[in-house]
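See below for coords21.tsv, which holds TSV, C-alpha atoms.
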chain	number	residue	atom	x	y	z
A	1090	MET	CA	70.49	91.02	281.57
A	1091	ARG	CA	73.21	91.04	278.92
A	1092	ARG	CA	74.10	94.62	279.79
A	1093	LEU	CA	74.39	93.69	283.46
A	1094	LEU	CA	76.81	90.88	282.62
A	1095	LEU	CA	78.92	93.23	280.50
A	1096	VAL	CA	79.06	95.77	283.32
A	1097	TYR	CA	79.99	93.06	285.81
A	1098	LEU	CA	82.69	91.73	283.49
A	1099	GLY	CA	84.12	95.21	282.93
A	1100	VAL	CA	84.24	96.03	286.63
A	1101	ARG	CA	85.74	92.69	287.63
A	1102	VAL	CA	88.39	92.69	284.89
A	1103	PHE	CA	89.55	96.16	285.95
A	1104	TRP	CA	89.81	95.15	289.62
A	1105	LEU	CA	91.60	91.93	288.65
A	1106	LEU	CA	94.16	93.96	286.73
A	1107	LEU	CA	94.71	96.12	289.80
A	1108	ALA	CA	95.30	93.01	291.89
A	1109	LEU	CA	97.76	91.59	289.35
A	1110	ALA	CA	99.58	94.90	288.91
A	1111	ASN	CA	100.05	95.44	292.62
A	1112	GLY	CA	103.45	94.33	293.85
A	1113	LEU	CA	104.46	97.19	296.08
A	1114	PHE	CA	103.77	95.66	299.48
A	1115	PRO	CA	105.68	92.78	301.09
A	1116	TYR	CA	104.26	89.31	301.03
A	1117	GLY	CA	104.70	86.49	303.45
A	1118	ALA	CA	104.85	82.79	302.71
A	1119	ASP	CA	104.05	81.14	299.40
A	1120	VAL	CA	100.69	79.93	298.11
A	1121	ALA	CA	100.87	76.86	300.38
A	1122	SER	CA	100.71	78.93	303.57
A	1123	TRP	CA	96.95	78.53	303.94
A	1124	GLN	CA	97.60	74.88	304.74
A	1125	GLU	CA	99.17	75.82	308.05
A	1126	SER	CA	96.87	75.65	311.06
A	1127	ASP	CA	98.63	77.92	313.54
A	1128	ALA	CA	97.04	80.97	315.14
A	1129	GLY	CA	97.78	83.16	312.14
A	1130	PHE	CA	96.41	80.96	309.39
A	1131	ARG	CA	93.55	83.36	308.69
A	1132	TYR	CA	95.79	86.39	308.17
A	1133	ARG	CA	98.88	84.96	306.53
A	1134	ARG	CA	99.68	86.61	303.23
A	1135	LEU	CA	100.27	84.68	300.04
A	1136	GLU	CA	103.17	85.44	297.76
A	1137	ASN	CA	101.12	85.35	294.60
A	1138	ARG	CA	99.77	88.81	293.84
A	1139	PHE	CA	96.49	87.47	292.48
A	1140	PHE	CA	95.79	84.90	295.16
A	1141	ASP	CA	96.47	87.08	298.18
A	1142	PRO	CA	93.76	89.77	297.89
A	1143	HIS	CA	91.14	87.26	296.78
A	1144	ALA	CA	91.70	85.11	299.87
A	1145	ARG	CA	91.74	87.94	302.40
A	1146	TRP	CA	90.60	87.59	306.01
A	1147	ASP	CA	88.36	84.51	306.36
A	1148	GLY	CA	89.32	83.25	302.91
A	1149	LYS	CA	92.33	81.20	304.00
A	1150	ALA	CA	90.26	79.46	306.65
A	1151	TYR	CA	87.70	78.54	303.98
A	1152	LEU	CA	90.47	77.21	301.74
A	1153	GLN	CA	91.78	75.15	304.61
A	1154	ILE	CA	88.35	73.67	305.39
A	1155	SER	CA	87.70	73.01	301.69
A	1156	TYR	CA	90.68	70.74	301.15
A	1157	LEU	CA	92.05	69.80	304.59
A	1158	GLY	CA	88.91	69.84	306.73
A	1159	TYR	CA	88.44	71.09	310.27
A	1160	ASP	CA	91.23	70.91	312.85
A	1161	ASP	CA	91.55	71.45	316.58
A	1162	GLY	CA	93.61	74.59	316.09
A	1163	TRP	CA	96.44	76.08	318.05
A	1164	GLU	CA	96.24	77.68	321.50
A	1165	GLY	CA	92.46	77.47	321.40
A	1166	ARG	CA	91.97	79.02	317.96
A	1167	SER	CA	90.48	76.82	315.29
A	1168	ASN	CA	88.81	77.00	311.90
A	1169	THR	CA	85.65	75.72	313.60
A	1170	ALA	CA	84.83	79.44	313.76
A	1171	PHE	CA	83.34	78.99	310.27
A	1172	PHE	CA	80.39	76.98	309.00
A	1173	PRO	CA	81.11	74.47	306.21
A	1174	GLY	CA	78.45	75.14	303.54
A	1175	TYR	CA	80.71	77.25	301.33
A	1176	PRO	CA	83.99	75.31	301.69
A	1177	TRP	CA	82.20	71.97	301.25
A	1178	THR	CA	80.64	73.35	298.06
A	1179	VAL	CA	84.14	74.17	296.83
A	1180	ARG	CA	85.29	70.67	297.80
A	1181	THR	CA	82.35	69.15	295.90
A	1182	VAL	CA	83.25	71.16	292.78
A	1183	HIS	CA	86.85	69.96	293.08
A	1184	ARG	CA	85.89	66.30	293.44
A	1185	ALA	CA	83.15	66.37	290.80
A	1186	ILE	CA	84.98	68.33	288.11
A	1187	ALA	CA	88.73	68.66	288.67
A	1188	ARG	CA	89.59	65.14	289.78
A	1189	PRO	CA	87.73	63.24	287.03
A	1190	LEU	CA	88.77	65.56	284.20
A	1191	LEU	CA	92.36	66.56	284.97
A	1192	PRO	CA	95.63	64.71	285.62
A	1193	GLU	CA	96.42	64.34	289.32
A	1194	ALA	CA	99.35	66.74	289.13
A	1195	TRP	CA	96.97	69.45	287.96
A	1196	SER	CA	93.85	68.59	289.94
A	1197	GLU	CA	95.74	68.51	293.24
A	1198	SER	CA	97.77	71.68	292.66
A	1199	LEU	CA	97.21	74.44	295.18
A	1200	GLU	CA	96.77	77.00	292.43
A	1201	LEU	CA	93.91	75.07	290.85
A	1202	LYS	CA	92.25	74.58	294.23
A	1203	PHE	CA	92.38	78.32	294.78
A	1204	HIS	CA	90.91	79.05	291.34
A	1205	LEU	CA	88.06	76.61	291.99
A	1206	ALA	CA	87.23	78.40	295.25
A	1207	HIS	CA	87.37	81.78	293.52
A	1208	GLY	CA	85.36	80.48	290.59
A	1209	THR	CA	82.71	79.01	292.88
A	1210	SER	CA	82.17	82.41	294.49
A	1211	THR	CA	82.03	84.19	291.14
A	1212	LEU	CA	79.62	81.71	289.55
A	1213	ALA	CA	77.38	81.72	292.63
A	1214	PHE	CA	77.13	85.50	292.44
A	1215	LEU	CA	76.28	85.46	288.73
A	1216	LEU	CA	73.55	82.87	289.30
A	1217	ALA	CA	72.21	84.93	292.20
A	1218	LEU	CA	72.31	88.07	290.05
A	1219	PHE	CA	70.24	86.32	287.36
A	1220	LEU	CA	67.61	85.20	289.91
A	1221	ILE	CA	67.53	88.58	291.66
A	1222	PHE	CA	66.98	90.33	288.33
A	1223	GLY	CA	64.01	88.05	287.67
A	1224	PHE	CA	62.65	88.72	291.16
A	1225	PHE	CA	62.92	92.47	290.72
A	1226	LYS	CA	61.52	92.39	287.18
A	1227	GLU	CA	58.36	90.59	288.33
A	1228	ARG	CA	57.97	92.86	291.31
A	1229	TYR	CA	58.97	96.32	290.09
A	1230	GLY	CA	59.41	96.19	286.31
A	1231	GLU	CA	62.45	95.84	284.09
A	1232	ASP	CA	63.79	99.39	284.46
A	1233	LEU	CA	64.00	99.29	288.25
A	1234	ALA	CA	65.28	95.70	288.11
A	1235	THR	CA	68.15	96.79	285.88
A	1236	LYS	CA	69.02	99.76	288.09
A	1237	ALA	CA	68.87	97.68	291.27
A	1238	CYS	CA	71.15	94.99	289.84
A	1239	LEU	CA	73.57	97.61	288.55
A	1240	LEU	CA	73.70	98.96	292.06
A	1241	LEU	CA	74.33	95.45	293.40
A	1242	ILE	CA	77.27	95.05	291.02
A	1243	CYS	CA	78.72	98.48	291.77
A	1244	ALA	CA	78.00	98.63	295.50
A	1245	PRO	CA	81.13	99.41	297.55
A	1246	THR	CA	80.94	96.13	299.48
A	1247	SER	CA	80.27	93.93	296.45
A	1248	ILE	CA	83.96	93.10	296.17
A	1249	VAL	CA	83.30	90.30	298.68
A	1250	PHE	CA	81.18	88.48	296.10
A	1251	SER	CA	84.26	87.78	293.98
A	1252	CYS	CA	86.55	86.65	296.79
A	1253	VAL	CA	87.06	83.33	298.55
A	1254	LEU	CA	84.31	84.15	301.03
A	1255	SER	CA	80.85	82.76	301.75
A	1256	GLU	CA	78.72	85.78	300.80
A	1257	SER	CA	78.08	84.76	297.17
A	1258	VAL	CA	76.92	81.25	298.07
A	1259	PHE	CA	74.79	82.60	300.91
A	1260	LEU	CA	73.20	85.19	298.60
A	1261	LEU	CA	72.42	82.45	296.09
A	1262	ALA	CA	70.85	80.22	298.77
A	1263	LEU	CA	68.78	83.17	300.01
A	1264	ILE	CA	67.30	84.13	296.65
A	1265	VAL	CA	66.75	80.47	295.69
A	1266	ALA	CA	64.79	79.88	298.92
A	1267	VAL	CA	62.63	82.95	298.26
A	1268	ARG	CA	61.96	82.10	294.62
A	1269	LEU	CA	61.10	78.46	295.34
A	1270	ALA	CA	58.70	79.49	298.08
A	1271	GLN	CA	57.05	81.99	295.73
A	1272	ARG	CA	56.54	79.20	293.18
A	1273	GLY	CA	54.93	76.97	295.80
A	1274	TRP	CA	57.79	74.46	295.99
A	1275	PHE	CA	57.79	74.53	299.75
A	1276	PHE	CA	60.00	71.58	300.63
A	1277	SER	CA	62.64	72.68	298.12
A	1278	ALA	CA	62.50	76.20	299.57
A	1279	VAL	CA	63.12	74.86	303.07
A	1280	MET	CA	66.01	72.77	301.72
A	1281	ALA	CA	67.54	75.94	300.28
A	1282	ALA	CA	67.06	77.66	303.65
A	1283	ALA	CA	68.72	74.68	305.36
A	1284	PHE	CA	71.67	75.00	302.98
A	1285	ALA	CA	71.87	78.71	303.86
A	1286	ALA	CA	72.06	77.64	307.52
A	1287	SER	CA	75.02	75.40	306.63
A	1288	VAL	CA	76.82	78.37	305.05
A	1289	ARG	CA	76.50	80.56	308.14
A	1290	VAL	CA	74.52	80.11	311.32
A	1291	LEU	CA	72.56	83.27	310.50
A	1292	GLY	CA	71.16	81.36	307.54
A	1293	ALA	CA	68.74	79.62	309.89
A	1294	LEU	CA	66.81	82.90	309.83
A	1295	VAL	CA	66.03	82.38	306.13
A	1296	ALA	CA	63.24	80.19	307.50
A	1297	VAL	CA	61.40	83.41	308.43
A	1298	PRO	CA	60.65	84.73	304.91
A	1299	VAL	CA	60.05	81.20	303.62
A	1300	PHE	CA	57.48	80.61	306.38
A	1301	PHE	CA	55.65	83.87	305.68
A	1302	ILE	CA	55.60	83.25	301.93
A	1303	ILE	CA	54.09	79.81	302.46
A	1304	LEU	CA	51.54	81.24	304.86
A	1305	GLU	CA	50.53	84.03	302.48
A	1306	ARG	CA	50.15	81.58	299.61
A	1307	MET	CA	47.70	79.72	301.88
A	1308	GLU	CA	45.84	82.98	302.43
A	1309	TRP	CA	46.91	83.08	306.08
A	1310	ARG	CA	45.03	79.92	307.02
A	1311	TRP	CA	47.33	78.57	309.71
A	1312	ARG	CA	45.60	75.21	309.92
A	1313	ASP	CA	46.34	74.54	306.26
A	1314	MET	CA	50.07	74.48	307.02
A	1315	GLY	CA	49.64	70.94	308.33
A	1316	VAL	CA	52.65	68.73	307.78
A	1317	LYS	CA	54.51	71.54	306.03
A	1318	VAL	CA	55.48	72.88	309.46
A	1319	LEU	CA	57.58	69.74	309.90
A	1320	TYR	CA	59.67	70.74	306.88
A	1321	PHE	CA	61.28	73.44	308.97
A	1322	LEU	CA	62.79	70.86	311.32
A	1323	LEU	CA	65.34	70.27	308.57
A	1324	ILE	CA	67.02	73.59	309.39
A	1325	PRO	CA	67.91	72.93	313.06
A	1326	TRP	CA	68.92	69.39	312.06
A	1327	VAL	CA	71.45	70.82	309.62
A	1328	VAL	CA	72.83	73.19	312.28
A	1329	MET	CA	73.07	70.35	314.80
A	1330	GLY	CA	74.79	68.18	312.19
A	1331	VAL	CA	77.44	70.86	311.66
A	1332	MET	CA	77.92	71.18	315.43
A	1333	LEU	CA	78.34	67.42	315.82
A	1334	ARG	CA	80.89	67.38	312.99
A	1335	MET	CA	82.88	70.03	314.83
A	1336	ALA	CA	82.59	67.99	318.04
A	1337	GLU	CA	84.40	65.15	316.28
A	1338	VAL	CA	87.34	67.49	315.75
A	1339	ASN	CA	87.82	69.14	319.14
A	1340	GLY	CA	85.38	67.37	321.45
A	1341	SER	CA	82.82	70.16	321.78
A	1342	ALA	CA	79.55	70.55	319.92
A	1343	TYR	CA	79.71	74.24	320.86
A	1344	ALA	CA	83.10	74.80	319.21
A	1345	TYR	CA	81.70	77.32	316.72
A	1346	PHE	CA	80.00	79.40	319.40
A	1347	HIS	CA	83.08	79.24	321.62
A	1348	GLN	CA	85.32	80.49	318.81
A	1349	GLN	CA	82.95	83.28	317.87
A	1350	ARG	CA	82.55	84.50	321.45
A	1351	GLU	CA	86.12	84.12	322.69
A	1352	PHE	CA	88.03	85.47	319.72
A	1353	PHE	CA	85.57	87.71	317.89
A	1354	GLY	CA	83.09	88.80	320.55
A	1355	HIS	CA	80.08	87.65	318.48
A	1356	LEU	CA	76.94	85.64	319.23
A	1357	VAL	CA	76.01	87.31	322.49
A	1358	PHE	CA	72.41	88.24	321.70
A	1359	PRO	CA	71.06	90.74	322.48
A	1360	ASP	CA	74.18	92.80	323.11
A	1361	PHE	CA	74.05	96.55	322.57
A	1362	ARG	CA	77.71	97.17	323.40
A	1363	GLY	CA	78.72	96.69	319.78
A	1364	LEU	CA	76.51	99.62	318.77
A	1365	TRP	CA	78.24	101.85	321.30
A	1366	GLU	CA	81.72	100.67	320.33
A	1367	ILE	CA	81.37	101.60	316.65
A	1368	ILE	CA	80.36	105.19	317.48
A	1369	ASP	CA	82.84	105.65	320.33
A	1370	PRO	CA	86.07	107.10	318.83
A	1371	ARG	CA	88.21	106.76	321.96
A	1372	GLY	CA	91.41	104.74	321.61
A	1373	LYS	CA	90.96	103.96	317.92
A	1374	GLY	CA	93.58	104.22	315.23
A	1375	VAL	CA	92.93	105.68	311.80
A	1376	TRP	CA	92.00	102.34	310.17
A	1377	HIS	CA	89.80	101.36	313.10
A	1378	LEU	CA	87.98	104.67	312.77
A	1379	ALA	CA	87.62	104.21	309.01
A	1380	ARG	CA	86.22	100.70	309.51
A	1381	ASP	CA	83.65	101.85	312.05
A	1382	LEU	CA	82.70	104.87	309.94
A	1383	LEU	CA	81.99	102.48	307.06
A	1384	GLN	CA	79.94	100.26	309.37
A	1385	VAL	CA	77.89	103.20	310.65
A	1386	GLY	CA	77.35	104.59	307.15
A	1387	VAL	CA	76.26	101.25	305.67
A	1388	SER	CA	73.99	100.52	308.63
A	1389	LEU	CA	72.29	103.92	308.41
A	1390	LEU	CA	71.86	103.51	304.66
A	1391	ALA	CA	70.30	100.09	305.25
A	1392	LEU	CA	67.86	101.55	307.79
A	1393	GLY	CA	66.84	104.29	305.36
A	1394	ALA	CA	66.49	101.79	302.53
A	1395	GLY	CA	64.38	99.57	304.78
A	1396	TRP	CA	61.96	102.43	305.38
A	1397	ARG	CA	61.79	103.08	301.65
A	1398	LEU	CA	61.19	99.35	301.04
A	1399	TRP	CA	58.24	99.48	303.42
A	1400	ARG	CA	56.62	102.11	301.21
A	1401	LEU	CA	57.77	100.66	297.88
A	1402	ASP	CA	56.31	97.22	298.58
A	1403	ARG	CA	52.89	98.52	299.64
A	1404	GLU	CA	50.13	96.43	298.02
A	1405	ARG	CA	52.66	93.98	296.58
A	1406	PRO	CA	52.51	90.25	297.33
A	1407	PHE	CA	54.75	88.75	300.03
A	1408	ARG	CA	55.45	92.17	301.46
A	1409	LEU	CA	55.62	90.91	305.04
A	1410	ALA	CA	58.00	88.09	304.09
A	1411	ILE	CA	60.45	90.39	302.30
A	1412	LEU	CA	60.41	92.98	305.07
A	1413	ALA	CA	60.81	90.28	307.74
A	1414	MET	CA	63.78	88.83	305.85
A	1415	VAL	CA	65.55	92.18	305.75
A	1416	ALA	CA	64.68	92.95	309.37
A	1417	VAL	CA	65.96	89.72	310.93
A	1418	LEU	CA	69.08	89.40	308.76
A	1419	PHE	CA	70.01	92.99	309.65
A	1420	THR	CA	68.99	93.20	313.30
A	1421	VAL	CA	70.41	89.92	314.61
A	1422	PRO	CA	74.05	90.55	313.59
A	1423	LEU	CA	73.69	94.19	314.65
A	1424	LEU	CA	72.83	93.12	318.19
A	1425	SER	CA	75.13	90.11	318.48
A	1426	GLY	CA	78.18	91.60	320.15
A	1427	ALA	CA	81.28	93.14	318.59
A	1428	LEU	CA	80.61	94.68	315.18
A	1429	LEU	CA	83.31	94.03	312.60
A	1430	SER	CA	81.57	93.09	309.35
A	1431	MET	CA	78.19	94.84	309.13
A	1432	PRO	CA	78.85	95.90	305.50
A	1433	ARG	CA	79.15	92.21	304.57
A	1434	TYR	CA	75.90	91.35	306.34
A	1435	VAL	CA	74.10	94.22	304.62
A	1436	ALA	CA	75.56	93.31	301.20
A	1437	VAL	CA	73.34	90.21	300.91
A	1438	LEU	CA	70.08	92.05	301.68
A	1439	PHE	CA	69.16	92.30	298.02
A	1440	PRO	CA	65.72	93.99	298.38
A	1441	LEU	CA	67.47	97.09	299.73
A	1442	TYR	CA	69.15	97.70	296.37
A	1443	ALA	CA	65.76	98.11	294.71
A	1444	ALA	CA	64.64	100.46	297.48
A	1445	ILE	CA	67.70	102.69	296.99
A	1446	ALA	CA	67.47	102.59	293.19
A	1447	SER	CA	63.81	103.62	293.32
A	1448	LEU	CA	64.79	106.92	294.97
A	1449	LEU	CA	67.29	107.96	292.30
A	1450	ARG	CA	66.56	109.38	288.88
A	1451	GLY	CA	68.42	111.21	286.14
A	1452	ARG	CA	71.70	112.82	287.13
A	1453	ALA	CA	71.26	111.85	290.77
A	1454	TRP	CA	71.17	108.19	289.78
A	1455	TRP	CA	74.32	108.37	287.66
A	1456	ALA	CA	76.15	110.41	290.29
A	1457	PHE	CA	75.24	107.92	293.01
A	1458	LEU	CA	76.28	104.97	290.82
A	1459	ALA	CA	79.61	106.60	289.97
A	1460	ALA	CA	80.28	107.45	293.62
A	1461	SER	CA	79.41	103.90	294.63
A	1462	LEU	CA	81.78	102.43	292.05
A	1463	ALA	CA	84.55	104.84	293.08
A	1464	LEU	CA	84.13	103.80	296.71
A	1465	GLN	CA	84.20	100.15	295.64
A	1466	GLY	CA	87.52	100.77	293.93
A	1467	THR	CA	88.88	102.53	297.01
A	1468	LEU	CA	87.85	99.66	299.26
A	1469	TRP	CA	89.36	97.18	296.81
A	1470	LEU	CA	92.71	98.97	296.93
A	1471	LEU	CA	92.59	99.03	300.73
A	1472	TRP	CA	91.61	95.35	300.66
A	1473	ILE	CA	94.60	94.55	298.42
A	1474	HIS	CA	96.90	96.37	300.82
A	1475	ASN	CA	95.48	94.46	303.81
A	1476	ARG	CA	94.02	97.56	305.45
A	1477	PRO	CA	91.29	96.54	307.95
A	1478	VAL	CA	88.53	98.82	306.69
A	1479	LEU	CA	86.20	96.26	305.13
A	1480	ILE	CA	86.52	93.03	307.14
Can you give me the file's structure in the form of structure tokens?
Amino acid sequence: MRRLLLVYLGVRVFWLLLALANGLFPYGADVASWQESDAGFRYRRLENRFFDPHARWDGKAYLQISYLGYDDGWEGRSNTAFFPGYPWTVRTVHRAIARPLLPEAWSESLELKFHLAHGTSTLAFLLALFLIFGFFKERYGEDLATKACLLLICAPTSIVFSCVLSESVFLLALIVAVRLAQRGWFFSAVMAAAFAASVRVLGALVAVPVFFIILERMEWRWRDMGVKVLYFLLIPWVVMGVMLRMAEVNGSAYAYFHQQREFFGHLVFPDFRGLWEIIDPRGKGVWHLARDLLQVGVSLLALGAGWRLWRLDRERPFRLAILAMVAVLFTVPLLSGALLSMPRYVAVLFPLYAAIASLLRGRAWWAFLAASLALQGTLWLLWIHNRPVLI
């Protein structure tokens, strides 16, 4: 595990230096611009060279929710397009640590608030990495666990785990739910799944692997589930609570779904048009083509890794739960309308990293790892320069 942390530290420090060294492209407003709630609040650049790339795309909306809360938007667009689990975690860290320990001038500074959001994502990923390593070590042995976690660190899309985005916290909630269910702490596992549902609506599907793990631990005796089935009511209650909170802001409990459908083309399930759109090259610019090529490549790799996982997990406990988790968390976003961020959805499917690592040995392994890290660096540079390849 120590070697993994050193690799992570080395990779992150190098990318941080790239972000700090970059000053060749024009910036927009200053660091306070994420406070604005006009139509462009999600895409406004920040003047600080470190802040800007780490709060790309959805990041400024999360910052806004963290410290200013939800608003009713401008011309129909609102930050209710995002679930609150991650930004409220950042707000909790700010109130629990920064306010009691620091002078008000420091604790309320925008720079500190940004660093707390960035630090929350980074710490959540490191905690998730620790738990995932333990999961893989129990299941596949230490060698494969190390390789799989190295691949997780060096994967091209893993840059999102160190940005002001929800992926790190969601990944942590996912692995915590799985590990608690494996240990037989069923109510705690469902609570972790409910927290995942507060981070993103797709998190409600974390109930699927938790349910199958519980059932397998009971040797598939359905009647023994008893009152434990009622635990799962916590998940829709959390989702409904988020929807009611959004209704207080703009008068509609369906604000999230409206935003996702109207402005992003998501949450129309099942919708196969998104699959056609990413392979149809007509009318696309170079960056649009690059983005869809990345989406197709990552999706195909995930499908191949899923097939390998089916064979790798043969005769291992909780096989159905792990496969079901990967299947639902991959298929639902794939068939939910416009496809913009499939690489980010695939990035959190941690069992796939073990499946890929199990196929690679010797020079092939090192070549694949080097190519993966090189592609991560390329995507990071494009991310810094605000190129819409990884969104």
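Of the listed residues (A:Met1332, A:Leu1239, A:Ala1283, A:Leu1319), A:Met1332 comes nearest to Ala1170 (chain A); the distances count only C-alpha atoms.
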Q: Find the residues around region 1391-1394 of chain A up to 10 Å (only C-alpha atoms counted), leave out those fewer than 6 positions away in its own chain, and share them as a list in words.
A: Val1385, Arg1400, Leu1401, Val1415, Ala1416, Phe1419, Pro1432, Val1435, Ala1436, Leu1438, Pro1440, Leu1441, Tyr1442, Ala1443, Ala1444, Ile1445, Ala1446, Ser1447 and Leu1448 of chain A
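Nearest residue to Phe1284 (chain A), choosing from A:Pro1298, A:Gly1451, A:Val1327, A:Gln1271 and counting only C-alpha atoms: A:Val1327.
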(Q) Which residues are close to region 1098-1102 of chain A, i.e. within 9 Å by only C-alpha atoms, leaving aside same-chain residues fewer than 6 positions away? Reply as a list in words. (A)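 Here the qualifying residues turn out to be Ile1242, Cys1243, Ile1248, Ser1251 and Leu1462 of chain A.
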Q.
Just want the 10 Å neighbourhood of Ala1379 (chain A), counted on all atoms listed in the file, with same-chain residues fewer than 5 positions away dropped. Output as a list in words.
A. Lys1373, Gly1374, Gln1384, Val1385, Arg1476, Pro1477, Val1478 and Leu1479 of chain A
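Among A:His1183, A:Met1307, A:Ile1221, A:His1377, the residue with the shortest atom-to-atom distance to Gly1208 (chain A), counting all atoms listed in the file, is A:His1183.
Going from CA of Trp1309 (chain A) over to CA of Leu1220 (chain A), you cover 26.4 Å.
The spacing separating CA of Leu1240 (chain A) from CA of Phe1222 (chain A) amounts to 11.6 Å.
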Q) Nearest to Leu1106 (chain A): which of A:Pro1189, A:Pro1142, A:Phe1300, A:Val1387 is it, counting only C-alpha atoms? A) A:Pro1142
Q. With only C-alpha atoms as the atoms that count, which of A:Val1328, A:Val1258, A:Leu1424, A:Leu1241 lies nearest to Trp1365 (chain A)?
A. A:Leu1424
Near region 1143-1159 of chain A, 12 Å: region 1328-1443 of chain A residue rows, closest pairs, all atoms listed in the file, as a tab-separated table:
residue	atom	partner	partner_atom	distance
A:Val1331	CA	A:Tyr1159	CA	11.1
A:Met1332	CA	A:Tyr1159	CA	11.7
A:Arg1334	CA	A:Tyr1159	CA	8.8
A:Met1335	CA	A:Tyr1159	CA	7.3
A:Ala1336	CA	A:Tyr1159	CA	10.2
A:Glu1337	CA	A:Tyr1159	CA	9.4
A:Val1338	CA	A:Tyr1159	CA	6.6
A:Asn1339	CA	A:Tyr1159	CA	9.1
A:Ala1344	CA	A:Tyr1159	CA	11.1
A:Tyr1345	CA	A:Tyr1159	CA	11.2
A:Leu1429	CA	A:Trp1146	CA	11.7
A:Ser1430	CA	A:Trp1146	CA	11.1
Q. Residues around (79.1, 79.8, 292.3), cut-off 9 Å, counting all atoms listed in the file - what are they as an MDAnalysis selection string?
A. chainID A and resid 1178:1179 1206:1217 1257:1258 1261
Q: Would you work out the distance separating CA of Tyr1320 (chain A) from CA of Ala1278 (chain A), expressed in Å to one decimal?
A: 9.6 Å
Q) Given the choices A:Leu1382, A:Ala1293, A:Val1299, A:Val1182, which gets closest to Ile1324 (chain A) if the distance is worked out from all atoms listed in the file? A)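 Between A:Leu1382, A:Ala1293, A:Val1299, A:Val1182, the residue approaching Ile1324 (chain A) most closely is A:Ala1293.
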Q | Spatial neighbours of Arg1433 (chain A), 9 Å, all atoms listed in the file, chain gap at least 4 places, as JSON, numbers by chain | A | {"A": [1246, 1247, 1249, 1256, 1437, 1479, 1480]}
**Q.** Non-local contacts of Ser1287 (chain A) (12 Å; all atoms listed in the file; under 5 positions in same chain excluded) as a PyMOL selection string
**A.** chain A and resi 1171-1178+1255+1258-1259+1262-1263+1280-1282+1292-1295+1323-1332+1334
